[in-house]
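Student: Got a file for you: target-v6.txt, compact mmCIF, C-alpha atoms.
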# COMPACT_ATOMS: atom_id res chain seq x y z
CA MET W 1 219.92 35.88 -251.32
CA LYS W 2 218.18 36.46 -248.00
CA LYS W 3 215.01 34.98 -249.39
CA LEU W 4 216.93 31.93 -250.67
CA ASP W 5 218.63 31.54 -247.29
CA LYS W 6 215.23 31.46 -245.60
CA ILE W 7 214.00 28.76 -247.97
CA ILE W 8 217.11 26.60 -247.40
CA ILE W 9 216.85 26.97 -243.63
CA GLY W 10 213.16 26.07 -243.78
CA VAL W 11 213.85 22.91 -245.80
CA ILE W 12 216.64 21.84 -243.43
CA ALA W 13 214.36 22.38 -240.43
CA ALA W 14 211.61 20.27 -242.00
CA VAL W 15 214.04 17.47 -242.75
CA VAL W 16 215.31 17.53 -239.17
CA ILE W 17 211.78 17.37 -237.79
CA VAL W 18 210.79 14.45 -240.05
CA ALA W 19 214.00 12.56 -239.25
CA ALA W 20 213.48 13.09 -235.55
CA GLY W 21 209.93 11.80 -235.84
CA ILE W 22 211.08 8.65 -237.62
CA TYR W 23 213.89 8.21 -235.09
CA PHE W 24 211.61 8.25 -232.06
CA LEU W 25 208.65 6.47 -233.58
CA GLY W 26 210.97 3.65 -234.65
CA GLY W 27 212.26 3.33 -231.13
CA LEU W 28 215.80 4.23 -232.25
CA GLY W 29 216.12 6.94 -229.64
CA SER W 30 214.23 5.24 -226.81
CA ASN W 31 214.46 2.22 -224.50
CA LYS W 32 211.72 0.38 -226.37
CA SER W 33 213.99 -2.49 -227.39
CA ALA W 34 215.03 -2.95 -223.76
CA THR W 35 211.43 -3.19 -222.56
CA SER W 36 210.13 -5.41 -225.38
CA ASP W 37 211.71 -8.56 -223.85
CA LYS W 38 210.07 -7.79 -220.53
CA ALA W 39 206.75 -7.33 -222.25
CA SER W 40 207.03 -10.82 -223.83
CA SER W 41 207.50 -12.27 -220.34
CA ASP W 42 204.54 -10.27 -219.03
CA LYS W 43 202.40 -11.52 -221.89
CA PRO W 44 203.36 -15.20 -222.39
CA LYS W 45 202.41 -16.98 -225.58
CA VAL W 46 199.50 -19.38 -225.10
CA ILE W 47 200.30 -22.99 -226.00
CA LYS W 48 197.47 -25.46 -226.48
CA VAL W 49 198.47 -28.85 -225.08
CA ALA W 50 196.17 -31.62 -226.30
CA TYR W 51 195.91 -34.78 -224.19
CA ALA W 52 193.85 -37.96 -224.57
CA THR W 53 191.23 -38.21 -221.82
CA THR W 54 190.96 -42.01 -221.52
CA ASN W 55 194.53 -43.28 -221.06
CA PHE W 56 194.74 -43.62 -217.27
CA PRO W 57 197.24 -43.17 -215.66
CA ILE W 58 199.14 -41.62 -218.58
CA THR W 59 196.63 -38.96 -219.66
CA TYR W 60 193.09 -38.59 -218.34
CA GLN W 61 190.62 -36.21 -216.71
CA ASN W 62 190.31 -36.41 -212.93
CA SER W 63 187.17 -36.01 -210.83
CA LYS W 64 187.48 -32.23 -211.14
CA LYS W 65 187.45 -32.53 -214.95
CA GLN W 66 191.06 -31.37 -215.04
CA GLY W 67 193.85 -32.84 -217.13
CA ASP W 68 195.84 -35.39 -215.16
CA GLY W 69 198.22 -38.33 -215.58
CA TYR W 70 201.98 -38.60 -215.94
CA ASP W 71 202.25 -36.90 -219.35
CA VAL W 72 200.13 -33.95 -218.22
CA ALA W 73 201.97 -33.67 -214.89
CA ILE W 74 205.40 -33.56 -216.55
CA MET W 75 204.13 -30.90 -218.97
CA ARG W 76 203.03 -28.82 -215.97
CA GLU W 77 206.58 -29.04 -214.63
CA ILE W 78 207.89 -27.88 -218.00
CA ASP W 79 205.38 -25.01 -217.99
CA LYS W 80 206.82 -23.78 -214.66
CA GLN W 81 210.26 -23.44 -216.27
CA LEU W 82 209.06 -21.50 -219.33
CA PRO W 83 207.61 -18.14 -218.22
CA GLN W 84 207.44 -16.99 -221.83
CA TYR W 85 204.70 -19.58 -222.44
CA LYS W 86 201.34 -20.31 -220.83
CA PHE W 87 200.00 -23.85 -221.32
CA ASP W 88 196.30 -24.37 -221.95
CA TYR W 89 195.37 -28.07 -221.53
CA VAL W 90 192.71 -29.43 -223.89
CA GLY W 91 191.22 -32.88 -223.25
CA THR W 92 190.24 -34.75 -226.41
CA SER W 93 190.30 -38.14 -228.16
CA ASP W 94 193.41 -40.13 -229.10
CA ASP W 95 192.84 -39.47 -232.79
CA ASP W 96 192.21 -35.75 -232.34
CA VAL W 97 195.51 -35.34 -230.49
CA LEU W 98 197.32 -36.47 -233.63
CA ILE W 99 195.04 -34.76 -236.15
CA GLY W 100 194.91 -31.52 -234.15
CA VAL W 101 198.68 -31.25 -233.71
CA LYS W 102 199.24 -31.96 -237.39
CA SER W 103 196.80 -29.23 -238.47
CA GLY W 104 198.07 -26.67 -235.98
CA LYS W 105 194.89 -26.67 -233.89
CA TYR W 106 197.15 -27.64 -230.99
CA GLN W 107 200.82 -26.74 -230.69
CA VAL W 108 201.72 -29.96 -228.86
CA GLY W 109 200.05 -33.24 -227.91
CA VAL W 110 200.72 -35.94 -225.30
CA LYS W 111 199.49 -39.54 -225.05
CA ASN W 112 202.35 -41.98 -224.44
CA ILE W 113 203.89 -41.25 -227.83
CA PHE W 114 206.84 -43.30 -229.12
CA TYR W 115 209.30 -41.98 -231.70
CA THR W 116 209.10 -43.52 -235.17
CA ALA W 117 210.71 -42.40 -238.43
CA ASP W 118 207.26 -42.43 -240.03
CA ARG W 119 205.82 -40.02 -237.45
CA ALA W 120 208.88 -37.78 -237.70
CA LYS W 121 207.88 -37.02 -241.30
CA THR W 122 204.64 -35.45 -240.12
CA TYR W 123 205.41 -34.10 -236.67
CA LEU W 124 208.27 -32.39 -234.88
CA PHE W 125 209.92 -34.53 -232.22
CA PRO W 126 212.10 -32.76 -229.64
CA LYS W 127 215.67 -33.97 -229.02
CA ASN W 128 214.89 -35.12 -225.48
CA TYR W 129 212.26 -37.59 -224.25
CA PHE W 130 210.14 -36.85 -221.17
CA GLY W 131 208.96 -40.26 -220.01
CA VAL W 132 209.42 -44.01 -220.22
CA SER W 133 206.73 -46.58 -221.01
CA ASP W 134 206.82 -50.01 -219.31
CA SER W 135 206.49 -52.23 -222.40
CA GLY W 136 206.17 -56.00 -222.55
CA PHE W 137 204.28 -59.12 -223.61
CA VAL W 138 200.85 -60.27 -222.55
CA VAL W 139 200.91 -64.06 -222.63
CA ARG W 140 198.81 -66.92 -221.29
CA THR W 141 199.75 -67.44 -217.67
CA LYS W 142 200.34 -71.16 -218.22
CA ASP W 143 202.75 -70.33 -221.08
CA LYS W 144 204.71 -67.55 -219.37
CA ASP W 145 207.96 -69.52 -219.34
CA LYS W 146 207.50 -70.47 -222.99
CA PHE W 147 206.57 -67.14 -224.56
CA GLY W 148 207.31 -64.49 -221.90
CA GLY W 149 210.26 -62.82 -223.64
CA LEU W 150 211.65 -61.96 -227.06
CA ALA W 151 214.14 -64.83 -227.11
CA LYS W 152 211.58 -67.26 -225.69
CA LEU W 153 208.95 -66.33 -228.26
CA ALA W 154 211.46 -66.69 -231.10
CA LYS W 155 212.92 -69.98 -229.85
CA ASN W 156 209.50 -71.58 -229.40
CA LYS W 157 208.13 -70.18 -232.67
CA GLY W 158 205.37 -68.30 -230.93
CA LYS W 159 202.93 -66.13 -232.84
CA LEU W 160 202.95 -62.40 -232.07
CA VAL W 161 199.84 -60.29 -232.56
CA PRO W 162 200.63 -58.05 -235.62
CA ILE W 163 201.93 -54.56 -234.84
CA ALA W 164 201.32 -51.33 -236.74
CA PRO W 165 204.59 -50.22 -238.43
CA GLN W 166 204.14 -46.68 -237.09
CA ASN W 167 204.19 -48.02 -233.53
CA GLY W 168 207.46 -47.85 -231.57
CA GLN W 169 207.00 -51.47 -230.52
CA TYR W 170 207.35 -52.54 -234.15
CA GLY W 171 210.82 -51.04 -234.12
CA VAL W 172 211.79 -53.02 -231.02
CA ILE W 173 210.95 -56.33 -232.72
CA ALA W 174 212.62 -55.26 -235.97
CA GLU W 175 215.79 -54.36 -234.07
CA TYR W 176 215.74 -57.71 -232.24
CA ASN W 177 215.36 -59.60 -235.51
CA LYS W 178 218.27 -57.69 -237.02
CA ASN W 179 220.64 -58.90 -234.30
CA ASN W 180 219.29 -62.33 -233.39
CA ASP W 181 218.40 -65.79 -234.68
CA PRO W 182 215.93 -67.34 -234.67
CA LYS W 183 213.77 -64.35 -235.50
CA ILE W 184 210.24 -63.40 -234.46
CA ASP W 185 207.61 -63.47 -237.20
CA LEU W 186 206.75 -59.77 -237.40
CA GLY W 187 203.37 -59.25 -239.00
CA SER W 188 202.00 -55.74 -239.56
CA ALA W 189 198.51 -54.39 -239.00
CA ASP W 190 197.04 -50.93 -239.40
CA THR W 191 194.82 -51.09 -236.36
CA PHE W 192 192.85 -53.41 -234.09
CA VAL W 193 190.92 -53.31 -230.83
CA VAL W 194 193.05 -54.02 -227.74
CA SER W 195 190.25 -56.07 -226.22
CA ASP W 196 190.27 -58.33 -229.28
CA ALA W 197 194.04 -58.84 -229.08
CA LEU W 198 193.78 -59.98 -225.48
CA LYS W 199 191.06 -62.47 -226.41
CA TRP W 200 193.13 -63.78 -229.31
CA VAL W 201 196.01 -64.58 -226.98
CA ASN W 202 193.73 -66.26 -224.47
CA GLU W 203 192.12 -68.36 -227.20
CA GLY W 204 195.51 -69.44 -228.57
CA ARG W 205 195.16 -67.68 -231.90
CA TYR W 206 198.34 -65.81 -230.94
CA ASP W 207 200.88 -66.44 -228.19
CA ALA W 208 201.93 -62.90 -227.25
CA PHE W 209 200.65 -59.34 -227.52
CA PHE W 210 203.15 -56.46 -227.29
CA ALA W 211 201.50 -53.98 -224.92
CA ILE W 212 202.17 -51.52 -222.11
CA ARG W 213 201.61 -52.26 -218.42
CA PRO W 214 198.90 -49.59 -217.78
CA MET W 215 196.81 -51.01 -220.63
CA PHE W 216 196.98 -54.53 -219.19
CA GLU W 217 196.17 -53.33 -215.69
CA ALA W 218 193.20 -51.24 -216.88
CA ASN W 219 191.73 -53.95 -219.10
CA VAL W 220 192.48 -57.17 -217.23
CA GLU W 221 193.43 -56.53 -213.61
CA LYS W 222 190.94 -53.77 -212.88
CA LYS W 223 187.69 -55.11 -211.39
CA ASN W 224 185.48 -53.50 -214.03
CA GLY W 225 188.02 -53.75 -216.86
CA ALA W 226 186.86 -54.66 -220.37
CA ASN W 227 188.64 -58.02 -220.06
CA ALA W 228 188.39 -58.61 -216.32
CA ASP W 229 187.18 -62.15 -217.06
CA LEU W 230 190.70 -62.96 -218.27
CA LYS W 231 192.36 -62.10 -214.96
CA GLY W 232 194.56 -64.99 -213.92
CA LYS W 233 194.44 -66.47 -217.41
CA LEU W 234 196.73 -63.79 -218.88
CA THR W 235 199.99 -62.42 -217.50
CA TYR W 236 202.01 -59.30 -218.29
CA VAL W 237 205.79 -59.62 -218.57
CA THR W 238 207.94 -56.47 -218.71
CA LEU W 239 210.50 -56.55 -221.52
CA GLY W 240 211.96 -53.05 -221.14
CA GLY W 241 211.25 -49.34 -221.36
CA ILE W 242 210.45 -47.28 -224.46
CA LYS W 243 211.08 -43.53 -224.37
CA THR W 244 208.01 -41.30 -224.78
CA TYR W 245 207.82 -37.78 -226.17
CA PRO W 246 205.50 -34.80 -226.52
CA LEU W 247 204.53 -34.37 -230.16
CA PHE W 248 204.97 -30.87 -231.62
CA ASN W 249 203.43 -29.24 -234.67
CA LYS W 250 206.07 -28.80 -237.39
CA ASP W 251 205.98 -25.00 -237.01
CA GLN W 252 206.87 -25.09 -233.30
CA LYS W 253 210.67 -25.23 -233.61
CA GLU W 254 211.23 -22.35 -231.19
CA PHE W 255 208.90 -23.86 -228.60
CA ALA W 256 210.44 -27.34 -228.99
CA ALA W 257 213.91 -25.84 -228.48
CA ALA W 258 212.73 -24.14 -225.29
CA TYR W 259 211.30 -27.47 -224.10
CA ASP W 260 214.63 -29.22 -224.77
CA LYS W 261 216.48 -26.72 -222.58
CA VAL W 262 214.45 -27.55 -219.47
CA ILE W 263 213.29 -31.18 -219.69
CA LYS W 264 216.75 -32.68 -219.12
CA LYS W 265 217.11 -30.60 -215.95
CA ILE W 266 213.73 -31.85 -214.72
CA ILE W 267 214.72 -35.49 -215.32
CA ASP W 268 218.17 -35.02 -213.75
CA SER W 269 216.60 -33.41 -210.67
CA GLY W 270 214.63 -36.60 -209.96
CA LYS W 271 211.24 -34.91 -210.44
CA ALA W 272 210.32 -37.08 -213.44
CA SER W 273 211.10 -40.26 -211.48
CA GLU W 274 208.99 -38.94 -208.61
CA LEU W 275 206.03 -38.42 -210.95
CA SER W 276 206.55 -41.89 -212.45
CA GLU W 277 206.34 -43.40 -208.96
CA LYS W 278 203.19 -41.39 -208.29
CA TYR W 279 201.31 -42.36 -211.44
CA PHE W 280 202.75 -45.79 -212.34
CA GLY W 281 203.76 -47.09 -208.92
CA GLN W 282 207.36 -47.50 -210.11
CA ASP W 283 210.27 -45.53 -211.52
CA ASN W 284 210.00 -46.37 -215.22
CA PHE W 285 213.26 -44.53 -215.95
CA LYS W 286 215.14 -47.47 -214.42
CA LEU W 287 213.84 -49.66 -217.26
CA LEU W 288 216.20 -47.87 -219.66
CA ASP W 289 219.11 -49.56 -217.87
CA GLN W 290 218.04 -52.98 -219.12
CA PRO W 291 218.00 -54.08 -222.78
CA PHE W 292 214.98 -55.72 -224.37
CA LYS W 293 215.37 -59.50 -224.27
Please express what this file holds, its structure, as structure tokens.
Tutor:
Amino acid sequence: MKKLDKIIIGVIAAVVIVAAGIYFLGGLGSNKSATSDKASSDKPKVIKVAYATTNFPITYQNSKKQGDGYDVAIMREIDKQLPQYKFDYVGTSDDDVLIGVKSGKYQVGVKNIFYTADRAKTYLFPKNYFGVSDSGFVVRTKDKDKFGGLAKLAKNKGKLVPIAPQNGQYGVIAEYNKNNDPKIDLGSADTFVVSDALKWVNEGRYDAFFAIRPMFEANVEKKNGANADLKGKLTYVTLGGIKTYPLFNKDQKEFAAAYDKVIKKIIDSGKASELSEKYFGQDNFKLLDQPFK
């Protein structure tokens, strides 16, 4: 019996030792779970933010070869509010922003992006926007009163340069046509060169081109713009503001949710309006108070 007692005691001791090892190695008897959250803050997850380098003043590289522009600046403000993430800004082409975010090369991309149902099938849009794009018509200066507005273009049967269906501007015209008569002839196009569209309007091939103010200023009003020869011949007319968003990879639901928690606070604080004034020379957020017409 004594020998059996020794064996039983030995087995019990071994079991206790093994159990204790599992207990402590698994962190069940330590403060490991309490310190793991702190460690995640100490070692933030790196987020690659892709931005187009040639969309001044929305996204571009400054003289120091650093990412700049409204979209980049607002992302920097978001970065300050999310200590669990560290943003790494990657300058690239317009196309690569979209392709890279889709493939997961970048977690998020910015370049004056409008929401469309078509894009939402491929990318993850957050609930909250982070900017507003001054959107309007480029028309011949002499025909501003005739074609410088949605109702004016429709009434006078003006021809609008075709718009790609995946563009947010297409949705604006479609919505107008749904609620108004007469309607605007809404043609669709996959892609075209902006410089060509401006020339088409000047030549009379079309009467209006749906564009954004920075594009018009860079191409026509800037001294060395691609279409500087059309300055005075063409005029930009603001129609309203279209909300812009950062574009997330489909797998970034947690990151997008974190973004949504802070962006509204940044806008409500007035910081976003301040950055709009800095980069666009006006508070584009005020454009949301007026309907497209």
Student: Show me, as a count of residues only, the residues that have an atom within 10 Å of W:Gly241 when counting all atoms listed in the file, minus same-chain residues fewer than 6 positions from it.
Tutor: 16
Student: Hey, can you check how far atom CA of W:Pro182 sits from atom CA of W:Ala151?
Tutor: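 These atoms are spaced 8.2 Å apart.
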Student: Kindly indicate which residue among W:Tyr115, W:Asn179, W:Gly171, W:Leu198 lies nearest to W:Lys127, using only C-alpha atoms for the distances.
Tutor: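 Among the listed residues, W:Tyr115 lies closest to W:Lys127.
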Student: Have a look at W:Val46, W:Ile78, W:Val194, W:Ala52 and name the one nearest to W:Lys261; count all atoms listed in the file.
Tutor: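 Checking each candidate against W:Lys261, we get W:Ile78 as the closest.
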Student: Counting all atoms listed in the file, find the residues whose atoms lie at most 12 Å from (186.3, -58.9, -219.8) (file coordinates) and write them out as a ChimeraX atom specification.
Tutor: /W:194-196,198-199,202,216,218-234
Student: Using all atoms listed in the file, find the one residue out of W:Tyr70, W:Phe210, W:Phe147, W:Tyr85 that sits nearest to W:Lys43.
Tutor: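 Smallest separation from W:Lys43 among the options: W:Tyr85.
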Student: Skip stretch 86-96 of chain W itself and residues of its chain fewer than 6 positions away, then list as an MDAnalysis selection string all residues within 9 Å of it, counting only C-alpha atoms.
Tutor: chainID W and resid 43:55 59:61 66:67 72 75:76 79:80 106 111
Student: So that I have them on file, write out the residues from the current selection with C-alpha atoms, as an mmCIF file, in the coordinates of the input.
Tutor:
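Result went into result_36.cif, see below:
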data_model
loop_
_atom_site.group_PDB
_atom_site.id
_atom_site.type_symbol
_atom_site.label_atom_id
_atom_site.label_comp_id
_atom_site.auth_asym_id
_atom_site.auth_seq_id
_atom_site.Cartn_x
_atom_site.Cartn_y
_atom_site.Cartn_z
ATOM 1 C CA LYS W 43 202.400 -11.520 -221.890
ATOM 2 C CA PRO W 44 203.360 -15.200 -222.390
ATOM 3 C CA LYS W 45 202.410 -16.980 -225.580
ATOM 4 C CA VAL W 46 199.500 -19.380 -225.100
ATOM 5 C CA ILE W 47 200.300 -22.990 -226.000
ATOM 6 C CA LYS W 48 197.470 -25.460 -226.480
ATOM 7 C CA VAL W 49 198.470 -28.850 -225.080
ATOM 8 C CA ALA W 50 196.170 -31.620 -226.300
ATOM 9 C CA TYR W 51 195.910 -34.780 -224.190
ATOM 10 C CA ALA W 52 193.850 -37.960 -224.570
ATOM 11 C CA THR W 53 191.230 -38.210 -221.820
ATOM 12 C CA THR W 54 190.960 -42.010 -221.520
ATOM 13 C CA ASN W 55 194.530 -43.280 -221.060
ATOM 14 C CA THR W 59 196.630 -38.960 -219.660
ATOM 15 C CA TYR W 60 193.090 -38.590 -218.340
ATOM 16 C CA GLN W 61 190.620 -36.210 -216.710
ATOM 17 C CA GLN W 66 191.060 -31.370 -215.040
ATOM 18 C CA GLY W 67 193.850 -32.840 -217.130
ATOM 19 C CA VAL W 72 200.130 -33.950 -218.220
ATOM 20 C CA MET W 75 204.130 -30.900 -218.970
ATOM 21 C CA ARG W 76 203.030 -28.820 -215.970
ATOM 22 C CA ASP W 79 205.380 -25.010 -217.990
ATOM 23 C CA LYS W 80 206.820 -23.780 -214.660
ATOM 24 C CA TYR W 106 197.150 -27.640 -230.990
ATOM 25 C CA LYS W 111 199.490 -39.540 -225.050
#
